[in-house]
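Below: the structure, in structure tokens.
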Amino acid sequence: MDFVTANWKAPKHVHALTTTRLGGVSQGVFAALNVGDHVSDLELDVRKNRELLSSSLKLSREPQWLSQVHGIELVQAQDDAVRREADACWTDEKGLACVVMTADCLPVFFSDSAGSKVAVAHAGWRGLLNGVLENTLSLYPDPSDVHVWFGPAIGPDAFEVGAEVREQFCDNSREASVAFKPVDSKHTKYLANIYELAAMRLRSQGVVNVSSSDLCTYSDSERFYSYRRDGQTGRLASLIWLE
């Protein structure tokens, strides 16, 4: 199994990583470590992949898997095997992993400097625009004490969006315009930098400790699933937990 491990200044007892597609049992377009149970992969293969993941990470408790809807809902992790509808998850319990799934969207990890409370959010452009990061950040009384890490997502040279997406972000903040580059002379399509858009939103809330993997899921088909690139495909898992 191959992981992208968070490179940030959170305490050592905070574990944060994103899986790659390497090391599982799924076949075809889902090869190999697909953890998404909503993408028409074989149920038994997905279950086996999740078991392999938990075993590889030596997780003692069942992770909190979510039913994601590109919203802003934040839930507290529970190890009751119930899949909750939300796009962000947090915990202050040891050994209980919070998980979000992605295949181009941005996984965003949170920890305070003491490592007393951790969270992870699934930030597609809709969730990002509507406030999923701000909602998750509200867990912490002091944003300047929060460490944030961005996992692998679609990169700024591959994430094409329409002018209406740029307009919505710029209506929220003029600063957002620098995260969009026009693709055509008529300015109907833009390349969006989801990493920079997320960083802007966090900085505006007082977060100063932001680091990033800067990896592009779209351009690396060997390691990452990408919905934009492949259409039907698997999902990566981004997990955070307290040792």
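Starting from 1 in every chain, residues are counted up; chains themselves are A, B, ... following the order of the structure tokens, and ligands are numbered from 1 as listed.
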With a cut-off of 10 Å, could you pull out the residues of segment 52-111 of chain A touching segment 208-216 of chain A and give me the nearest pair of atoms for each, distance in Å to one decimal, using only C-alpha atoms, ordered by chain and ascending number, as CSV?
residue,atom,partner,partner_atom,distance
A:Asp104,CA,A:Cys216,CA,8.0
A:Val108,CA,A:Ser212,CA,9.2
A:Phe109,CA,A:Val210,CA,9.8
A:Phe110,CA,A:Val210,CA,9.5
With N, CA and C atoms retained, export the selected residues as an mmCIF file, in the first residue's frame.
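Now in result27.cif:
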data_model
loop_
_atom_site.group_PDB
_atom_site.id
_atom_site.type_symbol
_atom_site.label_atom_id
_atom_site.label_comp_id
_atom_site.auth_asym_id
_atom_site.auth_seq_id
_atom_site.Cartn_x
_atom_site.Cartn_y
_atom_site.Cartn_z
ATOM 1 N N ASP A 104 -10.607 13.871 -7.051
ATOM 2 C CA ASP A 104 -10.275 15.186 -7.619
ATOM 3 C C ASP A 104 -10.579 16.298 -6.630
ATOM 4 N N VAL A 108 -9.160 18.274 3.111
ATOM 5 C CA VAL A 108 -8.538 19.296 3.957
ATOM 6 C C VAL A 108 -8.526 18.800 5.405
ATOM 7 N N PHE A 109 -7.323 18.736 5.977
ATOM 8 C CA PHE A 109 -7.107 18.191 7.318
ATOM 9 C C PHE A 109 -6.891 19.323 8.313
ATOM 10 N N PHE A 110 -7.423 19.137 9.541
ATOM 11 C CA PHE A 110 -7.342 20.154 10.587
ATOM 12 C C PHE A 110 -6.840 19.533 11.894
#
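Near segment 164-174 of chain A, within 9 Å and counting only C-alpha atoms, sit A:Trp125, A:Arg126, A:Leu129, A:Phe180, A:Thr188, A:Lys189, A:Tyr190, A:Ala192, A:Leu197, not including residues fewer than 6 positions from it in the same chain.
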For the residues in that selection, give me N, CA and C atoms as a compact mmCIF listing (two decimals), in the first residue's frame.
# COMPACT_ATOMS: atom_id res chain seq x y z
N TRP A 125 -15.72 22.21 -5.37
CA TRP A 125 -15.90 23.66 -5.49
C TRP A 125 -17.21 24.13 -4.84
N ARG A 126 -18.25 23.30 -4.89
CA ARG A 126 -19.53 23.71 -4.28
C ARG A 126 -19.41 23.81 -2.76
N LEU A 129 -17.22 26.78 -1.86
CA LEU A 129 -17.93 28.04 -2.02
C LEU A 129 -18.94 28.28 -0.91
N PHE A 180 -8.07 32.05 -10.84
CA PHE A 180 -8.68 31.61 -12.10
C PHE A 180 -7.89 32.17 -13.29
N THR A 188 -15.04 32.24 -21.33
CA THR A 188 -16.17 31.40 -20.94
C THR A 188 -15.73 30.20 -20.11
N LYS A 189 -14.44 29.86 -20.18
CA LYS A 189 -13.88 28.76 -19.41
C LYS A 189 -12.62 29.24 -18.69
N TYR A 190 -12.41 28.68 -17.50
CA TYR A 190 -11.25 29.06 -16.70
C TYR A 190 -10.60 27.82 -16.09
N ALA A 192 -9.13 26.64 -12.67
CA ALA A 192 -9.26 27.07 -11.27
C ALA A 192 -8.21 26.38 -10.41
N LEU A 197 -7.81 28.66 -3.75
CA LEU A 197 -9.13 29.09 -3.29
C LEU A 197 -9.37 28.67 -1.83
Query raised in the report: How would you write, as an MDAnalysis selection string, the set of residues in segment 40-164 of chain A that DSSP gives as strand (DSSP E or B)?
Result: chainID A and resid 64 66:67 74:76 84:85 88:91 94 98:102 106:112 118:123 146:150 153 160:162
Query raised in the report: Neighbours of Gln68 of chain A within 12 Å (only C-alpha atoms; same-chain residues fewer than 6 positions away dropped), as number ranges by chain?
Result: A: 36-38, 74-75, 83-89, 99-102, 105, 121-124, 127, 132, 235
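The nearest approach to Val146 of chain A among the residues A:Val207, A:Val161, A:Ala198, A:Leu53, with only C-alpha atoms taken into account, belongs to A:Val207.
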Report task. Have a look at A:Arg203, A:Ser221, A:Ser238, A:Gly151 and name the one nearest to Trp8 of chain A; count only C-alpha atoms. Result -> A:Gly151
Query raised in the report: Which of these residues is nearest to Ala81 of chain A, using only C-alpha atoms: A:Asp157, A:Asp41, A:Glu62, A:Asp145?
Result: A:Glu62
**Report entry** Nearest candidate to Asn49 of chain A (options A:Ser67, A:Thr19, A:Ser111, A:Asn7; using only C-alpha atoms)
**Finding:** A:Thr19
Query - Top pick for closest residue to Ile240 of chain A, considering A:Ala97, A:Ala6, A:Ile72, A:Leu44 and counting only C-alpha atoms - result: A:Ala97
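Distance annotation: of A:Pro143, A:Pro152, A:Pro11, A:Pro107, the residue with the minimal separation from Arg223 of chain A is A:Pro152; atom set is only C-alpha atoms.
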Report task. Compile the contact shell of Leu236 of chain A as a ChimeraX atom specification: residues with an atom at most 7 Å away, counting only C-alpha atoms, same-chain residues fewer than 4 positions apart removed. Result -> /A:18-21,34-35,101-103,225
Just write the chosen residues, N, CA and C atoms, as a PDB file, in the first residue's frame.
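Printed below is again.pdb as written:
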ATOM      1  N   THR A  18      -3.518  10.442   2.907  1.00  0.00           N
ATOM      2  CA  THR A  18      -4.434  10.100   1.826  1.00  0.00           C
ATOM      3  C   THR A  18      -3.924   8.839   1.147  1.00  0.00           C
ATOM      4  N   THR A  19      -4.814   7.910   0.859  1.00  0.00           N
ATOM      5  CA  THR A  19      -4.417   6.698   0.159  1.00  0.00           C
ATOM      6  C   THR A  19      -4.135   7.013  -1.310  1.00  0.00           C
ATOM      7  N   THR A  20      -3.459   6.095  -1.979  1.00  0.00           N
ATOM      8  CA  THR A  20      -3.386   6.101  -3.429  1.00  0.00           C
ATOM      9  C   THR A  20      -4.246   4.941  -3.924  1.00  0.00           C
ATOM     10  N   ARG A  21      -4.209   4.675  -5.215  1.00  0.00           N
ATOM     11  CA  ARG A  21      -5.000   3.565  -5.755  1.00  0.00           C
ATOM     12  C   ARG A  21      -4.236   2.247  -5.700  1.00  0.00           C
ATOM     13  N   ASN A  34      -9.791   0.828  -4.314  1.00  0.00           N
ATOM     14  CA  ASN A  34     -10.986   1.662  -4.290  1.00  0.00           C
ATOM     15  C   ASN A  34     -11.742   1.461  -2.985  1.00  0.00           C
ATOM     16  N   VAL A  35     -12.015   2.567  -2.269  1.00  0.00           N
ATOM     17  CA  VAL A  35     -12.779   2.478  -1.022  1.00  0.00           C
ATOM     18  C   VAL A  35     -14.195   3.024  -1.167  1.00  0.00           C
ATOM     19  N   MET A 101     -13.802  10.744   1.254  1.00  0.00           N
ATOM     20  CA  MET A 101     -13.394  10.128  -0.004  1.00  0.00           C
ATOM     21  C   MET A 101     -13.345  11.180  -1.115  1.00  0.00           C
ATOM     22  N   THR A 102     -12.342  11.051  -1.993  1.00  0.00           N
ATOM     23  CA  THR A 102     -12.195  12.008  -3.086  1.00  0.00           C
ATOM     24  C   THR A 102     -11.697  11.312  -4.357  1.00  0.00           C
ATOM     25  N   ALA A 103     -11.926  12.013  -5.484  1.00  0.00           N
ATOM     26  CA  ALA A 103     -11.342  11.590  -6.753  1.00  0.00           C
ATOM     27  C   ALA A 103     -11.163  12.832  -7.617  1.00  0.00           C
ATOM     28  N   TYR A 225      -6.972   8.138  -8.430  1.00  0.00           N
ATOM     29  CA  TYR A 225      -8.226   8.166  -9.163  1.00  0.00           C
ATOM     30  C   TYR A 225      -8.547   9.620  -9.523  1.00  0.00           C
TER      31      TYR A 225
END
Applying 8 Å and only C-alpha atoms, which residues near Val29 of chain A remain after dropping the ones on its own chain fewer than 2 positions away? List them as a compact mmCIF listing (two decimals) with C-alpha atoms, in the first residue's frame.
# COMPACT_ATOMS: atom_id res chain seq x y z
CA GLN A 27 -10.34 -4.67 -10.86
CA ALA A 31 -8.04 -0.97 -9.77
CA GLN A 232 -16.25 6.03 -13.82
CA THR A 233 -13.47 5.42 -11.32
CA GLY A 234 -12.67 4.62 -7.69
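For segment 171-212 of chain A, backbone-based DSSP labels the following residues as alpha helix (DSSP H): Asp171, Asn172, Ile194, Tyr195, Glu196, Leu197, Ala198, Ala199, Met200, Arg201, Leu202, Arg203 and Ser204 of chain A.
Going from atom CA of Asp79 of chain A over to atom CA of Lys94 of chain A, you cover 11.5 Å.
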